[in-house]
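Visitor: Handing over work-v2.tsv, TSV, C-alpha atoms.
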```tsv
chain	number	residue	atom	x	y	z
A	10	MET	CA	0.00	0.00	0.00
A	11	THR	CA	1.32	3.44	-0.88
A	12	ARG	CA	0.29	7.01	-0.18
A	13	PRO	CA	0.36	10.13	-2.41
A	14	GLN	CA	3.14	12.54	-1.55
A	15	GLY	CA	0.77	15.22	-0.26
A	16	SER	CA	-0.93	12.80	2.13
A	17	ALA	CA	2.43	11.41	3.27
A	18	ALA	CA	3.71	14.93	4.01
A	19	ARG	CA	0.69	15.65	6.21
A	20	GLU	CA	1.08	12.35	8.07
A	21	LEU	CA	4.73	13.15	8.72
A	22	GLY	CA	3.98	16.70	9.88
A	23	LEU	CA	6.07	18.29	7.13
A	24	LYS	CA	5.40	21.26	4.90
A	25	ARG	CA	5.51	20.36	1.23
A	26	GLY	CA	8.90	22.02	0.71
A	27	GLU	CA	10.31	20.14	3.70
A	28	PHE	CA	8.88	16.88	2.40
A	29	ASP	CA	10.33	17.39	-1.10
A	30	LEU	CA	13.77	18.11	0.34
A	31	ALA	CA	13.58	15.07	2.64
A	32	VAL	CA	12.89	12.91	-0.43
A	33	ARG	CA	15.78	14.47	-2.35
A	34	LEU	CA	18.12	13.86	0.57
A	35	GLY	CA	17.08	10.23	0.85
A	36	ARG	CA	15.39	10.68	4.22
A	37	ILE	CA	12.07	9.45	2.81
A	38	ARG	CA	11.90	6.53	0.38
A	39	THR	CA	9.51	6.74	-2.54
A	40	VAL	CA	8.50	4.20	-5.16
A	41	ALA	CA	7.30	4.50	-8.73
A	42	ALA	CA	3.55	4.97	-9.14
A	43	PRO	CA	1.72	2.15	-10.97
A	44	ASP	CA	0.17	4.63	-13.41
A	45	GLY	CA	3.46	6.38	-14.11
A	46	GLY	CA	2.48	9.54	-12.23
A	47	LEU	CA	4.23	11.15	-9.27
A	48	ARG	CA	6.16	8.74	-7.09
A	49	ARG	CA	4.40	7.53	-3.95
A	50	VAL	CA	5.44	6.72	-0.37
A	51	PRO	CA	5.05	3.17	0.96
A	52	ARG	CA	2.87	2.84	4.06
A	53	GLU	CA	5.69	1.02	5.88
A	54	GLU	CA	8.06	3.93	5.18
A	55	ILE	CA	5.67	6.37	6.84
A	56	ASP	CA	5.34	4.04	9.84
A	57	ARG	CA	9.13	3.63	10.06
A	58	ILE	CA	9.69	7.39	10.21
A	59	ARG	CA	6.87	8.03	12.67
A	60	GLU	CA	8.26	5.36	15.01
A	61	ALA	CA	11.82	6.75	14.92
A	62	GLU	CA	13.22	8.36	18.06
A	63	GLY	CA	12.65	12.10	18.24
A	64	PHE	CA	9.90	12.22	15.61
A	65	PRO	CA	8.81	14.71	14.35
A	66	ASP	CA	11.38	17.27	15.57
A	67	ALA	CA	14.38	15.19	14.53
A	68	LEU	CA	13.04	14.83	11.00
A	69	ARG	CA	12.32	18.55	10.69
A	70	GLU	CA	15.84	19.38	11.90
A	71	GLN	CA	17.33	17.10	9.24
A	72	VAL	CA	15.72	19.19	6.51
A	73	ARG	CA	16.05	22.65	8.07
A	74	VAL	CA	17.66	25.04	5.62
A	75	VAL	CA	19.17	28.46	6.20
A	76	GLY	CA	20.54	31.33	4.14
A	77	THR	CA	23.84	33.13	4.43
A	78	ALA	CA	23.21	35.22	7.55
A	79	GLN	CA	21.85	32.35	9.64
A	80	GLY	CA	24.38	29.93	8.21
A	81	ALA	CA	27.25	32.24	9.14
A	82	SER	CA	25.84	32.50	12.66
A	83	ILE	CA	25.69	28.69	12.97
A	84	MET	CA	29.34	28.44	11.89
A	85	ASP	CA	30.39	31.50	13.97
A	86	ILE	CA	31.95	33.25	10.98
A	87	SER	CA	31.16	36.43	9.07
A	88	SER	CA	28.64	36.45	6.27
A	89	SER	CA	31.35	37.45	3.79
A	90	ARG	CA	33.53	34.47	4.75
A	91	PHE	CA	30.51	32.18	4.49
A	92	THR	CA	29.80	33.44	0.98
A	93	ARG	CA	33.44	32.96	-0.06
A	94	LEU	CA	33.41	29.38	1.23
A	95	ALA	CA	30.19	28.65	-0.68
A	96	ARG	CA	31.42	30.28	-3.90
A	97	ALA	CA	34.64	28.28	-3.65
A	98	GLY	CA	32.67	25.03	-3.48
A	99	MET	CA	33.35	24.25	0.17
A	100	LEU	CA	29.67	24.46	1.18
A	101	THR	CA	27.05	22.65	-0.90
A	102	PRO	CA	23.61	24.24	-1.25
A	103	ALA	CA	20.68	21.95	-0.51
A	104	LYS	CA	18.19	23.93	-2.58
A	105	PHE	CA	17.54	27.29	-4.18
A	106	TYR	CA	14.67	29.35	-5.45
A	107	VAL	CA	14.24	32.29	-7.81
A	108	ASN	CA	12.56	35.38	-6.41
A	109	ARG	CA	10.50	37.94	-8.29
A	110	TYR	CA	13.64	39.81	-9.33
A	111	ARG	CA	15.05	36.64	-10.94
A	112	THR	CA	17.63	36.49	-8.18
A	113	VAL	CA	18.77	33.02	-7.19
A	114	VAL	CA	18.68	32.48	-3.43
A	115	TRP	CA	20.81	29.60	-2.13
A	116	LEU	CA	19.85	27.66	1.00
A	117	TYR	CA	21.97	25.23	3.01
A	118	LEU	CA	21.26	22.42	5.43
A	119	ALA	CA	21.83	23.64	8.98
A	120	GLN	CA	22.98	20.13	9.87
A	121	ASP	CA	25.69	20.22	7.17
A	122	LEU	CA	26.98	23.57	8.37
A	123	ARG	CA	27.27	22.42	11.99
A	124	GLU	CA	29.21	19.33	10.91
A	125	PHE	CA	31.51	21.42	8.71
A	126	ALA	CA	32.24	23.83	11.56
A	127	ARG	CA	32.93	20.98	14.03
A	128	SER	CA	35.47	19.28	11.76
A	129	GLU	CA	39.12	19.91	12.70
A	130	VAL	CA	40.03	19.53	9.02
A	131	HIS	CA	38.01	22.63	8.18
A	132	ALA	CA	39.19	24.73	11.14
A	133	PRO	CA	41.80	26.68	9.09
A	134	LEU	CA	39.06	27.79	6.68
A	135	LEU	CA	37.04	29.42	9.46
A	136	THR	CA	39.74	31.77	10.73
A	137	GLY	CA	42.68	33.62	9.28
A	138	ARG	CA	43.65	34.00	5.63
A	139	ALA	CA	41.97	31.73	3.07
A	140	PRO	CA	44.16	29.32	1.08
A	141	ALA	CA	45.77	30.80	-2.03
A	142	ALA	CA	43.82	28.52	-4.39
A	143	MET	CA	40.52	29.66	-2.90
A	144	ARG	CA	41.52	33.31	-3.10
A	145	ALA	CA	42.46	32.85	-6.75
A	146	ARG	CA	39.07	31.29	-7.59
A	147	ILE	CA	37.20	34.09	-5.89
A	148	ALA	CA	39.36	36.75	-7.54
A	149	ALA	CA	38.63	35.17	-10.94
A	150	GLY	CA	34.91	35.48	-10.26
A	151	GLU	CA	34.25	31.74	-10.00
A	152	ASP	CA	31.04	30.64	-8.32
A	153	LEU	CA	30.80	26.88	-7.78
A	154	ARG	CA	27.43	26.96	-6.02
A	155	PRO	CA	25.50	25.88	-9.14
A	156	ARG	CA	27.95	23.05	-9.80
A	157	THR	CA	27.97	21.71	-6.24
A	158	TRP	CA	24.18	21.87	-6.15
A	159	ARG	CA	24.01	19.99	-9.50
A	160	SER	CA	26.25	17.28	-8.07
A	161	ARG	CA	23.91	16.77	-5.12
A	162	HIS	CA	20.83	16.89	-7.36
A	163	ALA	CA	22.34	14.41	-9.83
A	164	ARG	CA	22.90	11.88	-7.05
A	165	TYR	CA	19.24	12.13	-6.16
A	166	LEU	CA	17.93	11.82	-9.73
A	167	LEU	CA	20.21	8.91	-10.62
A	168	GLY	CA	19.29	7.17	-7.39
A	169	GLN	CA	15.64	7.12	-8.52
A	170	CYS	CA	16.42	5.43	-11.85
A	171	GLY	CA	15.22	1.89	-12.45
A	172	ASP	CA	16.94	1.11	-15.76
A	173	PRO	CA	19.48	2.56	-18.24
A	174	TRP	CA	16.84	4.47	-20.22
A	175	GLU	CA	15.77	6.32	-17.06
A	176	ARG	CA	19.42	6.94	-16.18
A	177	ALA	CA	20.11	8.40	-19.63
A	178	ALA	CA	17.02	10.62	-19.31
A	179	ALA	CA	18.18	11.90	-15.92
A	180	ILE	CA	21.62	12.76	-17.32
A	181	THR	CA	20.08	14.85	-20.11
A	182	THR	CA	18.66	17.11	-17.40
A	183	PHE	CA	22.14	18.57	-16.96
A	184	LEU	CA	23.13	18.92	-20.63
A	185	ASP	CA	22.29	21.70	-23.05
A	186	ALA	CA	19.28	20.82	-25.19
A	187	ASP	CA	21.13	21.45	-28.45
A	188	LEU	CA	23.95	19.18	-27.32
A	189	VAL	CA	21.48	16.42	-26.44
A	190	ALA	CA	19.97	16.75	-29.92
A	191	GLU	CA	23.45	16.21	-31.39
A	192	LEU	CA	24.39	13.32	-29.13
A	193	VAL	CA	21.08	11.46	-29.49
A	194	GLU	CA	20.41	11.47	-33.23
A	195	CYS	CA	17.37	9.18	-33.28
A	196	PRO	CA	14.14	11.24	-32.82
A	197	HIS	CA	12.36	8.26	-31.23
A	198	GLU	CA	15.10	8.01	-28.64
A	199	ARG	CA	15.02	11.74	-27.91
A	200	THR	CA	11.25	11.63	-27.46
A	201	HIS	CA	11.55	8.58	-25.21
A	202	LEU	CA	14.17	10.33	-23.06
A	203	LEU	CA	11.90	13.35	-22.75
A	204	ARG	CA	9.06	11.13	-21.58
A	205	LEU	CA	11.32	9.66	-18.92
A	206	ARG	CA	12.89	12.88	-17.70
A	207	PRO	CA	12.24	13.42	-13.97
A	208	HIS	CA	9.26	15.63	-13.17
A	209	GLU	CA	10.41	18.88	-11.56
A	210	SER	CA	7.46	20.86	-10.24
A	211	TRP	CA	9.61	23.83	-9.20
A	212	TYR	CA	11.03	24.29	-12.70
A	213	GLY	CA	8.25	26.65	-13.80
A	214	ALA	CA	6.24	26.82	-16.98
A	215	PRO	CA	8.35	26.30	-20.14
A	216	ASP	CA	10.02	29.52	-21.31
A	217	SER	CA	8.86	31.44	-18.22
A	218	PRO	CA	11.47	33.77	-16.67
A	219	THR	CA	11.86	31.38	-13.73
A	220	ALA	CA	12.32	28.36	-16.01
A	221	GLN	CA	14.99	30.20	-18.02
A	222	VAL	CA	16.96	31.02	-14.86
A	223	VAL	CA	16.63	27.49	-13.47
A	224	GLU	CA	17.67	25.98	-16.80
A	225	ARG	CA	20.91	27.97	-16.69
A	226	ILE	CA	21.64	26.55	-13.24
A	227	LEU	CA	20.67	22.99	-14.21
A	228	VAL	CA	22.85	22.86	-17.32
A	229	ALA	CA	26.53	22.04	-16.78
A	230	ASP	CA	28.95	24.71	-17.96
A	231	ALA	CA	32.41	23.45	-17.01
A	232	PRO	CA	34.23	21.41	-19.72
A	233	ASP	CA	35.18	18.56	-17.38
A	234	GLU	CA	31.64	18.34	-16.01
A	235	ILE	CA	30.18	18.26	-19.53
A	236	SER	CA	32.68	15.57	-20.58
A	237	TRP	CA	31.71	13.41	-17.62
A	238	LEU	CA	28.00	13.76	-18.43
A	239	ARG	CA	28.55	13.02	-22.14
A	240	ALA	CA	30.48	9.85	-21.32
A	241	HIS	CA	27.83	8.63	-18.91
A	242	LEU	CA	25.05	9.45	-21.35
A	243	PHE	CA	26.74	7.36	-24.06
A	244	LEU	CA	27.32	4.50	-21.62
A	245	SER	CA	23.72	4.55	-20.40
A	246	LEU	CA	22.38	4.69	-23.96
A	247	GLU	CA	24.54	1.73	-24.98
A	248	ARG	CA	23.13	-0.33	-22.13
A	249	ALA	CA	19.60	0.92	-22.76
A	250	ARG	CA	19.67	-0.06	-26.45
A	251	ARG	CA	20.82	-3.55	-25.54
A	252	LEU	CA	17.97	-3.77	-23.04
A	253	ARG	CA	15.23	-2.69	-25.51
A	254	PRO	CA	14.78	-0.20	-28.35
A	255	ALA	CA	13.07	3.12	-27.77
A	256	PRO	CA	9.40	2.94	-28.81
A	257	PRO	CA	7.99	5.44	-31.32
A	258	LEU	CA	6.18	8.03	-29.22
A	259	ALA	CA	4.28	11.27	-29.71
A	260	ALA	CA	5.87	14.51	-28.54
A	261	PRO	CA	5.71	14.93	-24.73
A	262	ARG	CA	3.50	17.42	-22.98
A	263	PRO	CA	5.26	20.10	-20.92
A	264	ALA	CA	4.99	19.57	-17.18
A	265	PRO	CA	2.86	22.11	-15.28
A	266	GLY	CA	4.75	24.87	-13.52
A	267	GLY	CA	5.01	25.04	-9.76
A	268	PRO	CA	4.14	27.97	-7.52
A	269	HIS	CA	6.60	30.82	-7.11
A	270	ALA	CA	8.43	31.01	-3.81
A	271	PRO	CA	8.17	34.06	-1.55
A	272	THR	CA	10.76	36.81	-1.93
A	273	PRO	CA	13.26	37.34	0.95
A	274	PRO	CA	15.55	40.33	1.33
A	275	LYS	CA	18.45	40.18	-1.11
A	276	GLY	CA	21.66	39.19	0.71
A	277	PRO	CA	25.22	37.98	0.02
A	278	ASP	CA	24.01	34.45	-0.80
A	279	ASN	CA	22.10	35.78	-3.81
A	280	PHE	CA	23.19	36.44	-7.32
A	281	THR	CA	21.13	37.77	-10.20
A	282	VAL	CA	21.13	35.95	-13.50
A	283	PRO	CA	20.82	38.51	-16.32
A	284	ALA	CA	17.94	38.18	-18.72
A	285	PRO	CA	18.85	36.64	-22.10
A	286	ALA	CA	19.19	38.98	-25.05
A	287	GLU	CA	16.54	37.03	-26.96
A	288	PRO	CA	13.80	34.66	-25.78
A	289	SER	CA	15.17	31.11	-25.70
A	290	ARG	CA	13.65	28.44	-27.87
A	291	SER	CA	11.30	26.06	-26.10
A	292	LEU	CA	13.19	23.43	-24.10
A	293	TRP	CA	10.98	20.74	-25.58
A	294	GLY	CA	11.43	21.93	-29.15
A	295	ARG	CA	15.18	22.20	-28.77
A	296	LEU	CA	15.46	18.69	-27.36
A	297	LEU	CA	13.27	17.19	-30.06
A	298	GLY	CA	14.87	19.13	-32.91
A	299	ARG	CA	18.34	19.26	-34.36
A	300	ARG	CA	20.59	22.27	-34.48
A	301	GLY	CA	20.81	23.59	-38.03
```
Now that the file is in, can you turn its structure into structure tokens?

Guide:
Amino acid sequence: MTRPQGSAARELGLKRGEFDLAVRLGRIRTVAAPDGGLRRVPREEIDRIREAEGFPDALREQVRVVGTAQGASIMDISSSRFTRLARAGMLTPAKFYVNRYRTVVWLYLAQDLREFARSEVHAPLLTGRAPAAMRARIAAGEDLRPRTWRSRHARYLLGQCGDPWERAAAITTFLDADLVAELVECPHERTHLLRLRPHESWYGAPDSPTAQVVERILVADAPDEISWLRAHLFLSLERARRLRPAPPLAAPRPAPGGPHAPTPPKGPDNFTVPAPAEPSRSLWGRLLGRRG
């Protein structure tokens, strides 16, 4: 017996955002829905969590997220040092949202920050002069927050995959749509991968300002990261083709957009993604088509 995600969240005393993050972090196990819709939560999983020591406060603390100011307070460092650590890739965001000004707001697990601050290995990063390599990255304007978030998100998506086709579809989430169209030449395969791509309710309606910002965070931009994704896409496709061919399918329907998050004050954990010079082509059309 399984429960819809909304019902499971209420039974576990979690807000929907807390529930979604708990699933992404592996704190709550979900299973595929028989009808192919949103994943569901087994009844025994709900019972297991409710019977755990410290429920529900312990569960809520595991998914509590904070911004820069509160995170710096937890670690007993300045907000500017916290931001430098995050930009240098030392602190991994757990989630983000885009406010009404198209500013990306990064949030971090309070639990992660406490563990980082307690570690003797990290002690030199919390006081004194930052290492030369970190200073050089910051001076060059590097910001590894999108990449470290993608790494965490990729682990979640790939962990939900049941076969190589699903794995290949998850990998395409992080590759530019035009590149996917080049790498996957068969239109049936591209359509099949689109059908299998993970449903992301927070992504926003296709071509909306929020969706355009999120897409730029989702898509890998570093050469080594792109090379890794390309290699794993080819490997997954090879295995998938041996398993079964992609069926001829009609073009997929865009997923409905999720609600916009509230707007907090802009702080040092935020950065604004500039609007594109021209409206981007539809994500679906770019994935299904070929670059001319």

Visitor: Neighbours of region 142-158 of chain A within 8 Å (all atoms listed in the file; same-chain residues fewer than 5 positions away dropped), as a list of chain:residue names?

Guide: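 Listing them by chain and then by number gives A:Arg93, A:Ala95, A:Arg96, A:Ala97, A:Gly98, A:Leu100, A:Thr101, A:Pro102, A:Ala103, A:Lys104, A:Ile226, A:Leu227, A:Ala229.
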
Visitor: Near region 27-31 of chain A, within 8 Å and counting all atoms listed in the file, which residues show up once chain neighbours fewer than 6 positions away are dropped, as a PDB file with C-alpha atoms, keeping the file's coordinate frame?

Guide:
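Ended up saving to part_25.pdb:
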```pdb
ATOM      1  CA  ALA A  18       3.710  14.930   4.010  1.00  0.00           C
ATOM      2  CA  ILE A  37      12.070   9.450   2.810  1.00  0.00           C
ATOM      3  CA  ARG A  69      12.320  18.550  10.690  1.00  0.00           C
ATOM      4  CA  GLN A  71      17.330  17.100   9.240  1.00  0.00           C
ATOM      5  CA  VAL A  72      15.720  19.190   6.510  1.00  0.00           C
ATOM      6  CA  ARG A  73      16.050  22.650   8.070  1.00  0.00           C
ATOM      7  CA  ALA A 103      20.680  21.950  -0.510  1.00  0.00           C
ATOM      8  CA  LYS A 104      18.190  23.930  -2.580  1.00  0.00           C
TER       9      LYS A 104
END
```

Visitor: Expressed in Å to a single decimal, how great is the separation between CA of Pro140 (chain A) and CA of Asp121 (chain A)?

Guide: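 Straight-line distance from CA of Pro140 (chain A) to CA of Asp121 (chain A) works out to 21.5 Å.
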
Visitor: Please list as a PyMOL selection string every residue within 10 Å of region 170-175 of chain A, counting all atoms listed in the file and excluding residues in the same chain fewer than 6 positions away.

Guide: chain A and resi 41+198+201-207+242+244-255

Visitor: Which residue gives the smallest distance to Tyr165 (chain A) among A:Arg33, A:Arg239, A:His131, A:Arg123, with all atoms listed in the file counted?

Guide: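 Selected residue with least distance to Tyr165 (chain A): A:Arg33.
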
Visitor: Show me, as JSON, numbers by chain, the residues that have an atom within 12 Å of Gln169 (chain A) when counting all atoms listed in the file, minus same-chain residues fewer than 5 positions from it.

Guide: {"A": [32, 33, 34, 35, 38, 39, 40, 41, 48, 162, 163, 164, 175, 176, 178, 179, 205, 206, 207, 208]}

Visitor: Kindly list the centre and edge lengths in Å, rounded to one decimal, for the axis-aligned box that covers all listed atoms of region 15-20 of chain A plus 4 Å on each of its six sides, as JSON.

Guide:
```
{"center_x": 1.4, "center_y": 13.5, "center_z": 3.9, "size_x": 12.6, "size_y": 12.2, "size_z": 16.3}
```

Visitor: Considering all atoms listed in the file, state which residue in the set A:Thr136, A:Ser16, A:Thr182, A:Ser128 is at the smallest distance from Arg225 (chain A).

Guide: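 Nearest to Arg225 (chain A): A:Thr182.
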
Visitor: Mind giving me the straight-line distance from CA of Asp187 (chain A) to CA of Ser236 (chain A) in Å, one decimal?

Guide: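 Distance reported for this atom pair: 15.2 Å.
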
Visitor: Excluding same-chain residues fewer than 6 positions from Val75 (chain A), what lies within 12 Å of it counting all atoms listed in the file, as a PyMOL selection string?

Guide: chain A and resi 81-84+102-105+114-123+273+278

Visitor: Calculated over only C-alpha atoms, which of the candidates A:Ser217, A:Thr11, A:Ser88, A:Ser160 has the smallest distance to Val50 (chain A)?

Guide: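 The answer is A:Thr11, which sits nearest to Val50 (chain A).
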
Visitor: Please measure the separation of CA of Pro256 (chain A) and CA of Arg199 (chain A), giving the value in Å to one decimal.

Guide: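 Between CA of Pro256 (chain A) and CA of Arg199 (chain A) the gap works out to 10.5 Å.
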
Visitor: Which is closer to Pro218 (chain A) than all the others in A:Val107, A:Ile235, A:Leu188, A:Cys195, using only C-alpha atoms?

Guide: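 Among A:Val107, A:Ile235, A:Leu188, A:Cys195, it is A:Val107 that comes nearest to Pro218 (chain A).
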